[in-house]
Amino acid sequence: MAAADAALPAMFKPVRAIGRSTLGALRMVGGVGMFALRGVISVFSPPWFPIQLLRQLVAIGFFSLPVVGLTAIFTGAALGLNIYTGGGRFNAEQVMPQIVALGITRELGPVLAALMLAGRVSAAIAAEIGAMRATEQIDAMRTLSTDPFRYLVAPRLLAATLVLPLLTLVADIIGVAGGWLVAVRILDFNSTIYVRNTMNFIQGWDVGSGLIKAAVFGFIVALMGCYHGYNAKGGARGVGRATTHAVVSSAILIFASDYFLTTLFTHA
């Protein structure tokens, strides 16, 4: 390969570099797709490991409540202040309850909850599975006739997909409450009118579309953590790289899928 690169005219070397990068990206997309397909098949085919699933539900869901709740309340409060300030330029301050509720339930609730899970859960999954790969525990599972996908990957995929919509629902409630708190305590809104305007404006699909997004985001977070951890190489340094790649790829895919899902829901 080095001899071929040396014989290649200088003007064609950038083209070769672009080709290598493109093939590498396509190879990774194919690898992630096959990994996801195998993981989904493992979720729906026996044997199942309910104890592992319960552990992941607690680790991913329950222990993520504080960070999701804090993020939601400060986001709702900051969103309320910004909407009030911006609306004041058009004498439209009174639409603040409706816009806060819509922004939280359709976008900020699921996206921010997913990003918090990407930083906390995806990194933890990648580090745990990557350490098992480095210490050859995954190979030992195969020796003991235990499928690593069914024992390690499937419970995490299922748990994250089930838990993130619940966390998003909590984030929606706390985020809207943060906007209410700022509006009533700082901006002198009437509490009863604020709550009535919010309840009259929000529709079931506003919340439902956010929960559908959250389920997709949860799958992505767990998938990236499992994929990068399962394919970690190079010992401790490889585990560190896998953790970083899991968080970054999760965040990018969350934003990308959010755009496509929003486009789909808008035109549906």
# chains A, B, ... in the order shown; residues from 1 in each chain; ligands from 1

call {"tool": "residues_around", "arguments": {"residues": "stretch 113-122 of chain A", "least_positions_apart": "3", "cutoff": "7 Å", "atoms": "only C-alpha atoms", "output": "list in words"}}
result
Ile60, Val68, Gly109, Pro110, Ile125, Ala126, Leu167, Thr168, Ala214, Phe217, Gly218, Val221, Ala222, Met224, Gly225, Ala246, Val247, Ser250 and Ala251 of chain A

call {"tool": "closest_atom_pairs", "arguments": {"of": "stretch 173-250 of chain A", "to": "stretch 141-150 of chain A", "cutoff": "12 Å", "atoms": "only C-alpha atoms", "output": "tab-separated table"}}
result
residue	atom	partner	partner_atom	distance
A:Leu223	CA	A:Phe149	CA	11.5
A:Cys226	CA	A:Phe149	CA	9.4
A:Tyr227	CA	A:Phe149	CA	10.5
A:Tyr230	CA	A:Pro148	CA	9.4

call {"tool": "closest_residue", "arguments": {"among": "A:His228, A:Arg106, A:Arg27, A:Lys13", "to": "A:Arg241", "atoms": "only C-alpha atoms"}}
result
A:His228

call {"tool": "select_by_dssp", "arguments": {"residues": "stretch 10-255 of chain A", "states": "alpha helix (DSSP H)", "output": "count of residues only"}}
result
195

call {"tool": "residues_around", "arguments": {"residues": "A:Val216", "least_positions_apart": "3", "cutoff": "12 Å", "atoms": "only C-alpha atoms", "output": "PyMOL selection string"}}
result
chain A and resi 110-111+114+157-158+160-165+168+209-213+219-223+250+253-258+260-261

call {"tool": "write_last_selection", "arguments": {"atoms": "N, CA, C and O atoms", "output": "CSV table (one decimal), in the first residue's frame"}}
result
chain,number,residue,atom,x,y,z
A,110,PRO,N,-37.5,15.8,25.0
A,110,PRO,CA,-36.9,14.5,24.5
A,110,PRO,C,-35.4,14.7,24.2
A,110,PRO,O,-34.6,13.9,24.4
A,111,VAL,N,-35.1,15.9,23.5
A,111,VAL,CA,-33.7,16.0,23.1
A,111,VAL,C,-32.7,16.2,24.3
A,111,VAL,O,-31.7,15.5,24.3
A,114,ALA,N,-32.4,13.0,26.2
A,114,ALA,CA,-31.5,12.1,25.5
A,114,ALA,C,-30.0,12.4,25.5
A,114,ALA,O,-29.2,11.6,25.7
A,157,LEU,N,-30.5,-2.2,25.3
A,157,LEU,CA,-31.3,-1.6,24.2
A,157,LEU,C,-32.7,-1.5,24.6
A,157,LEU,O,-33.4,-0.5,24.5
A,158,LEU,N,-33.3,-2.6,25.2
A,158,LEU,CA,-34.7,-2.6,25.6
A,158,LEU,C,-34.9,-1.6,26.7
A,158,LEU,O,-35.9,-0.9,26.7
A,160,ALA,N,-33.2,1.1,27.7
A,160,ALA,CA,-33.1,2.5,27.3
A,160,ALA,C,-34.3,2.9,26.4
A,160,ALA,O,-34.8,4.1,26.6
A,161,THR,N,-34.8,2.1,25.6
A,161,THR,CA,-35.9,2.4,24.7
A,161,THR,C,-37.2,2.6,25.5
A,161,THR,O,-38.0,3.4,25.2
A,162,LEU,N,-37.3,1.8,26.6
A,162,LEU,CA,-38.5,1.9,27.4
A,162,LEU,C,-38.4,3.0,28.4
A,162,LEU,O,-39.5,3.7,28.7
A,163,VAL,N,-37.3,3.3,28.9
A,163,VAL,CA,-37.1,4.2,30.0
A,163,VAL,C,-37.1,5.7,29.6
A,163,VAL,O,-37.7,6.6,30.2
A,164,LEU,N,-36.5,6.0,28.4
A,164,LEU,CA,-36.3,7.4,28.0
A,164,LEU,C,-37.7,8.1,27.8
A,164,LEU,O,-37.8,9.3,28.1
A,165,PRO,N,-38.7,7.4,27.2
A,165,PRO,CA,-40.0,8.1,27.2
A,165,PRO,C,-40.5,8.5,28.5
A,165,PRO,O,-41.1,9.6,28.7
A,168,THR,N,-38.6,11.4,29.7
A,168,THR,CA,-39.0,12.6,28.9
A,168,THR,C,-40.3,13.2,29.4
A,168,THR,O,-40.5,14.4,29.5
A,209,SER,N,-45.7,12.9,20.2
A,209,SER,CA,-44.6,13.0,19.3
A,209,SER,C,-43.3,13.1,20.0
A,209,SER,O,-42.3,12.5,19.6
A,210,GLY,N,-43.3,13.8,21.1
A,210,GLY,CA,-42.0,13.8,21.9
A,210,GLY,C,-41.7,12.5,22.5
A,210,GLY,O,-40.5,12.1,22.6
A,211,LEU,N,-42.7,11.7,22.9
A,211,LEU,CA,-42.4,10.4,23.5
A,211,LEU,C,-41.9,9.4,22.4
A,211,LEU,O,-41.1,8.6,22.7
A,212,ILE,N,-42.5,9.5,21.2
A,212,ILE,CA,-42.0,8.7,20.1
A,212,ILE,C,-40.5,9.0,19.8
A,212,ILE,O,-39.7,8.1,19.7
A,213,LYS,N,-40.2,10.3,19.8
A,213,LYS,CA,-38.8,10.7,19.6
A,213,LYS,C,-37.9,10.1,20.7
A,213,LYS,O,-36.8,9.6,20.5
A,219,PHE,N,-33.0,4.2,22.1
A,219,PHE,CA,-32.4,3.1,21.3
A,219,PHE,C,-31.1,3.5,20.8
A,219,PHE,O,-30.1,2.8,20.8
A,220,ILE,N,-31.0,4.8,20.3
A,220,ILE,CA,-29.7,5.3,19.7
A,220,ILE,C,-28.6,5.3,20.8
A,220,ILE,O,-27.5,4.9,20.6
A,221,VAL,N,-29.0,5.9,22.0
A,221,VAL,CA,-28.0,6.0,23.1
A,221,VAL,C,-27.5,4.7,23.5
A,221,VAL,O,-26.2,4.5,23.6
A,222,ALA,N,-28.3,3.7,23.7
A,222,ALA,CA,-27.9,2.4,24.1
A,222,ALA,C,-27.1,1.7,23.0
A,222,ALA,O,-26.1,1.0,23.2
A,223,LEU,N,-27.6,1.9,21.7
A,223,LEU,CA,-26.9,1.2,20.6
A,223,LEU,C,-25.5,1.7,20.4
A,223,LEU,O,-24.5,0.9,20.2
A,250,SER,N,-23.6,9.4,19.7
A,250,SER,CA,-25.0,9.4,20.2
A,250,SER,C,-25.5,10.8,20.0
A,250,SER,O,-26.7,11.0,19.5
A,253,LEU,N,-26.3,11.6,16.2
A,253,LEU,CA,-27.4,10.8,15.7
A,253,LEU,C,-28.7,11.3,16.4
A,253,LEU,O,-29.8,11.3,15.7
A,254,ILE,N,-28.7,11.8,17.6
A,254,ILE,CA,-29.9,12.3,18.2
A,254,ILE,C,-30.3,13.5,17.5
A,254,ILE,O,-31.5,13.7,17.2
A,255,PHE,N,-29.4,14.5,17.2
A,255,PHE,CA,-29.8,15.7,16.5
A,255,PHE,C,-30.3,15.3,15.0
A,255,PHE,O,-31.3,15.9,14.6
A,256,ALA,N,-29.6,14.4,14.4
A,256,ALA,CA,-30.0,14.1,13.0
A,256,ALA,C,-31.3,13.4,13.0
A,256,ALA,O,-32.2,13.8,12.2
A,257,SER,N,-31.5,12.4,13.9
A,257,SER,CA,-32.8,11.8,13.9
A,257,SER,C,-33.9,12.7,14.3
A,257,SER,O,-35.1,12.6,13.9
A,258,ASP,N,-33.6,13.7,15.2
A,258,ASP,CA,-34.6,14.6,15.6
A,258,ASP,C,-35.1,15.4,14.4
A,258,ASP,O,-36.3,15.7,14.3
A,260,PHE,N,-35.1,14.5,11.2
A,260,PHE,CA,-35.9,13.7,10.3
A,260,PHE,C,-37.3,13.4,10.9
A,260,PHE,O,-38.3,13.3,10.2
A,261,LEU,N,-37.3,13.1,12.2
A,261,LEU,CA,-38.6,12.8,12.9
A,261,LEU,C,-39.5,14.0,12.9
A,261,LEU,O,-40.7,13.9,12.7
